[in-house]
file target.tsv (TSV, C-alpha atoms)
chain	number	residue	atom	x	y	z
E	1	MET	CA	155.98	130.34	191.41
E	2	ASN	CA	152.74	130.81	193.34
E	3	LYS	CA	154.57	130.58	196.68
E	4	PHE	CA	157.00	133.30	195.53
E	5	VAL	CA	154.15	135.61	194.54
E	6	ASN	CA	152.42	135.14	197.90
E	7	LYS	CA	155.66	135.83	199.76
E	8	LYS	CA	156.29	138.94	197.66
E	9	GLU	CA	152.72	140.20	198.24
E	10	ASN	CA	153.04	139.52	201.96
E	11	GLY	CA	156.32	141.47	202.09
E	12	LEU	CA	154.77	144.40	200.28
E	13	ARG	CA	151.72	144.30	202.57
E	14	SER	CA	153.99	144.33	205.65
E	15	PHE	CA	156.06	147.19	204.23
E	16	ILE	CA	152.97	149.28	203.49
E	17	PHE	CA	151.45	148.52	206.89
E	18	ALA	CA	154.75	149.49	208.56
E	19	ALA	CA	154.72	152.81	206.69
E	20	LEU	CA	151.15	153.42	207.86
E	21	LEU	CA	152.11	152.55	211.44
E	22	LEU	CA	155.08	154.93	211.23
E	23	ALA	CA	152.72	157.73	210.20
E	24	ILE	CA	150.21	156.76	212.90
E	25	THR	CA	152.99	156.69	215.50
E	26	VAL	CA	153.96	160.27	214.65
E	27	VAL	CA	150.31	161.40	214.61
E	28	PHE	CA	149.57	159.65	217.95
E	29	GLY	CA	152.64	161.28	219.44
E	30	ARG	CA	151.82	164.72	218.07
E	31	ILE	CA	148.12	164.86	218.91
E	32	PHE	CA	148.39	163.49	222.44
E	33	ILE	CA	151.34	165.40	223.88
E	34	ILE	CA	151.81	166.62	227.45
E	35	PRO	CA	155.02	168.63	228.01
E	36	ILE	CA	157.03	167.78	231.12
E	37	PRO	CA	159.00	170.96	231.90
E	38	TRP	CA	161.44	169.61	234.47
E	39	THR	CA	162.81	167.05	231.97
E	40	HIS	CA	162.41	169.13	228.80
E	41	GLY	CA	160.53	166.11	227.38
E	42	ASN	CA	156.91	165.06	227.09
E	43	VAL	CA	154.42	162.25	227.52
E	44	ASN	CA	152.77	161.11	224.29
E	45	LEU	CA	151.12	158.10	222.66
E	46	CYS	CA	153.87	157.17	220.22
E	47	ASP	CA	154.62	153.98	222.14
E	48	ALA	CA	151.22	152.58	221.14
E	49	GLY	CA	152.18	152.69	217.46
E	50	ILE	CA	155.63	151.27	218.18
E	51	PHE	CA	154.22	148.35	220.16
E	52	ILE	CA	151.56	147.65	217.52
E	53	ALA	CA	154.25	147.50	214.82
E	54	ALA	CA	156.50	145.29	216.96
E	55	MET	CA	153.69	142.89	217.84
E	56	LEU	CA	152.20	142.59	214.35
E	57	LEU	CA	155.26	142.86	212.12
E	58	GLY	CA	158.17	141.70	214.28
E	59	PRO	CA	161.46	143.14	215.49
E	60	ALA	CA	162.80	144.71	212.28
E	61	TYR	CA	159.69	146.74	211.52
E	62	GLY	CA	159.18	147.44	215.24
E	63	GLY	CA	162.68	148.90	215.39
E	64	VAL	CA	162.25	150.99	212.25
E	65	VAL	CA	158.81	152.30	213.24
E	66	GLY	CA	160.07	152.98	216.76
E	67	GLY	CA	163.32	154.66	215.83
E	68	PHE	CA	162.09	156.80	212.97
E	69	GLY	CA	158.74	157.48	214.63
E	70	GLY	CA	160.47	158.86	217.72
E	71	LEU	CA	163.02	160.79	215.67
E	72	LEU	CA	160.43	162.41	213.38
E	73	LEU	CA	158.15	163.20	216.30
E	74	ASP	CA	160.95	165.02	218.12
E	75	LEU	CA	161.93	166.95	214.99
E	76	ILE	CA	158.40	168.24	214.31
E	77	SER	CA	157.55	168.81	218.00
E	78	GLY	CA	160.46	171.12	218.77
E	79	PHE	CA	162.45	168.59	220.82
E	80	THR	CA	165.31	168.29	218.34
E	81	GLN	CA	167.84	167.74	221.12
E	82	TYR	CA	166.12	164.41	221.81
E	83	ALA	CA	165.99	163.20	218.18
E	84	PRO	CA	169.16	161.04	218.22
E	85	PHE	CA	168.26	159.64	221.63
E	86	SER	CA	164.71	158.84	220.47
E	87	LEU	CA	166.04	157.07	217.39
E	88	VAL	CA	167.98	154.72	219.68
E	89	ALA	CA	165.51	154.53	222.61
E	90	HIS	CA	162.37	153.84	220.60
E	91	GLY	CA	164.23	151.83	217.97
E	92	LEU	CA	165.52	149.43	220.63
E	93	GLU	CA	162.12	149.45	222.33
E	94	GLY	CA	160.40	148.33	219.12
E	95	PHE	CA	163.09	145.84	218.13
E	96	ILE	CA	163.40	144.08	221.49
E	97	THR	CA	159.63	144.06	222.07
E	98	GLY	CA	159.06	142.52	218.64
E	99	TRP	CA	161.80	139.96	219.16
E	100	ILE	CA	160.53	138.78	222.56
E	101	TYR	CA	156.90	138.89	221.38
E	102	ARG	CA	157.71	136.61	218.42
E	103	LYS	CA	159.53	134.13	220.67
E	104	THR	CA	156.57	133.68	223.04
E	105	ASP	CA	153.04	132.33	222.77
E	106	SER	CA	151.29	133.13	226.03
E	107	LYS	CA	149.54	136.37	226.84
E	108	SER	CA	151.60	136.80	230.02
E	109	ALA	CA	154.81	136.46	228.00
E	110	HIS	CA	153.48	139.05	225.55
E	111	TRP	CA	153.05	141.42	228.48
E	112	LEU	CA	156.65	140.62	229.45
E	113	ALA	CA	157.77	141.69	225.96
E	114	LEU	CA	155.98	145.01	226.41
E	115	ILE	CA	157.40	145.51	229.91
E	116	VAL	CA	160.95	144.88	228.67
E	117	GLY	CA	160.35	147.40	225.87
E	118	ILE	CA	159.13	149.97	228.40
E	119	VAL	CA	162.17	149.40	230.63
E	120	ILE	CA	164.52	149.86	227.66
E	121	MET	CA	162.82	153.13	226.70
E	122	VAL	CA	162.82	154.42	230.31
E	123	VAL	CA	166.50	153.60	230.83
E	124	ALA	CA	167.46	155.19	227.50
E	125	TYR	CA	165.64	158.42	228.32
E	126	PHE	CA	167.07	158.42	231.85
E	127	ILE	CA	170.54	158.33	230.26
E	128	ALA	CA	169.57	161.02	227.72
E	129	ASP	CA	168.17	163.40	230.36
E	130	THR	CA	171.18	162.82	232.61
E	131	ILE	CA	173.64	163.50	229.76
E	132	MET	CA	171.83	166.57	228.43
E	133	TYR	CA	170.78	168.12	231.73
E	134	LYS	CA	171.63	166.46	235.04
E	135	LEU	CA	170.86	163.44	237.18
E	136	ALA	CA	167.82	165.13	238.73
E	137	ALA	CA	166.21	165.53	235.29
E	138	GLY	CA	166.89	161.87	234.54
E	139	LEU	CA	165.30	160.78	237.80
E	140	LEU	CA	162.28	163.05	237.40
E	141	GLY	CA	161.59	161.66	233.93
E	142	ILE	CA	161.35	158.03	235.05
E	143	GLY	CA	157.74	158.21	236.27
E	144	THR	CA	156.37	159.99	233.22
E	145	ASN	CA	158.24	157.68	230.83
E	146	ILE	CA	156.86	154.63	232.64
E	147	LEU	CA	153.36	156.09	232.40
E	148	GLN	CA	153.81	156.76	228.67
E	149	GLY	CA	155.02	153.19	228.11
E	150	ILE	CA	152.19	151.62	230.11
E	151	VAL	CA	149.52	153.60	228.26
E	152	GLY	CA	151.08	152.60	224.91
E	153	ALA	CA	151.26	148.94	225.95
E	154	VAL	CA	147.62	148.86	227.06
E	155	VAL	CA	146.45	150.50	223.83
E	156	ALA	CA	148.50	148.02	221.79
E	157	MET	CA	147.18	144.99	223.68
E	158	LEU	CA	143.63	146.20	223.08
E	159	VAL	CA	144.11	146.95	219.38
E	160	VAL	CA	146.37	144.14	218.13
E	161	PRO	CA	143.86	141.25	218.48
E	162	SER	CA	141.34	143.12	216.32
E	163	ILE	CA	143.90	143.89	213.64
E	164	ASN	CA	145.13	140.27	213.70
E	165	LYS	CA	141.60	139.04	212.98
E	166	ARG	CA	141.30	141.23	209.90
E	167	ILE	CA	144.80	141.34	208.40
E	168	LYS	CA	147.15	138.38	208.06
E	169	PHE	CA	150.87	138.94	207.62

call {"tool": "encode", "arguments": {"input": "target.tsv", "output": "structure tokens"}}
result
Amino acid sequence: MNKFVNKKENGLRSFIFAALLLAITVVFGRIFIIPIPWTHGNVNLCDAGIFIAAMLLGPAYGGVVGGFGGLLLDLISGFTQYAPFSLVAHGLEGFITGWIYRKTDSKSAHWLALIVGIVIMVVAYFIADTIMYKLAAGLLGIGTNILQGIVGAVVAMLVVPSINKRIKF
């Protein structure tokens, strides 16, 4: 019985923390936002929240926080045309990053998980920009999307060890 209660409490704690990270992801993305006119997109800090969720809570929560964080951010930021693409791009980014992160133990492999997540997001937005606008917009967005992913990965790698010391999932 005691093991069941602990598992149930842990699940609730993870769920609540995921909800907080979803909110933080939207706030990070909304406060730090730099419009990129030639792609009709922007650079923001939402990837930091996505990576934190993926690293701490695993692939399922990483995917949910990523997908819905990106979708909600686009809806409230005036980039509604990107909302379905963000659901997929950031959802896959969070899911795959969390999956690879959980399968590895070394710090270099954790960086690999983040890099793969960034590549997935960049490729997804390249496809989105190319479909919605043209190939030139897709190509022009690559650099800014890489920058956004790198900044989010660095923030996550700096923050996650501190959170891990204080909260156990």

call {"tool": "residues_near_point", "arguments": {"input": "target.tsv", "point": "(161.2, 153.6, 213.5)", "cutoff": "8 Å", "atoms": "all atoms listed in the file", "output": "PyMOL selection string"}}
result
chain E and resi 22+50+61-71+87+90-91+94

call {"tool": "atom_distance", "arguments": {"input": "target.tsv", "atom1": "atom CA of E:Thr25", "atom2": "atom CA of E:Ala48"}}
result
7.2 Å

call {"tool": "atom_distance", "arguments": {"input": "target.tsv", "atom1": "atom CA of E:Asp74", "atom2": "atom CA of E:Phe28"}}
result
12.6 Å

call {"tool": "atom_distance", "arguments": {"input": "target.tsv", "atom1": "atom CA of E:Lys168", "atom2": "atom CA of E:Pro59"}}
result
16.8 Å

call {"tool": "residues_near_point", "arguments": {"input": "target.tsv", "point": "(147.2, 155.8, 222.6)", "cutoff": "6 Å", "atoms": "only C-alpha atoms", "output": "list of chain:residue names"}}
result
E:Leu45, E:Ala48, E:Gly152, E:Val155

call {"tool": "residues_around", "arguments": {"input": "target.tsv", "residues": "E:Ile150", "least_positions_apart": "6", "cutoff": "9 Å", "atoms": "only C-alpha atoms", "output": "number ranges by chain"}}
result
E: 47, 114-115, 118

call {"tool": "write_last_selection", "arguments": {"input": "target.tsv", "atoms": "C-alpha atoms", "output": "mmCIF file, keeping the file's coordinate frame"}}
result
data_model
loop_
_atom_site.group_PDB
_atom_site.id
_atom_site.type_symbol
_atom_site.label_atom_id
_atom_site.label_comp_id
_atom_site.auth_asym_id
_atom_site.auth_seq_id
_atom_site.Cartn_x
_atom_site.Cartn_y
_atom_site.Cartn_z
ATOM 1 C CA ASP E 47 154.620 153.980 222.140
ATOM 2 C CA LEU E 114 155.980 145.010 226.410
ATOM 3 C CA ILE E 115 157.400 145.510 229.910
ATOM 4 C CA ILE E 118 159.130 149.970 228.400
#

call {"tool": "closest_residue", "arguments": {"input": "target.tsv", "among": "E:Pro161, E:Gly11, E:Gly117, E:Gly141", "to": "E:Pro35", "atoms": "all atoms listed in the file"}}
result
E:Gly141

call {"tool": "closest_residue", "arguments": {"input": "target.tsv", "among": "E:Val43, E:Val159, E:Leu112, E:Ala53", "to": "E:Ile16", "atoms": "only C-alpha atoms"}}
result
E:Ala53
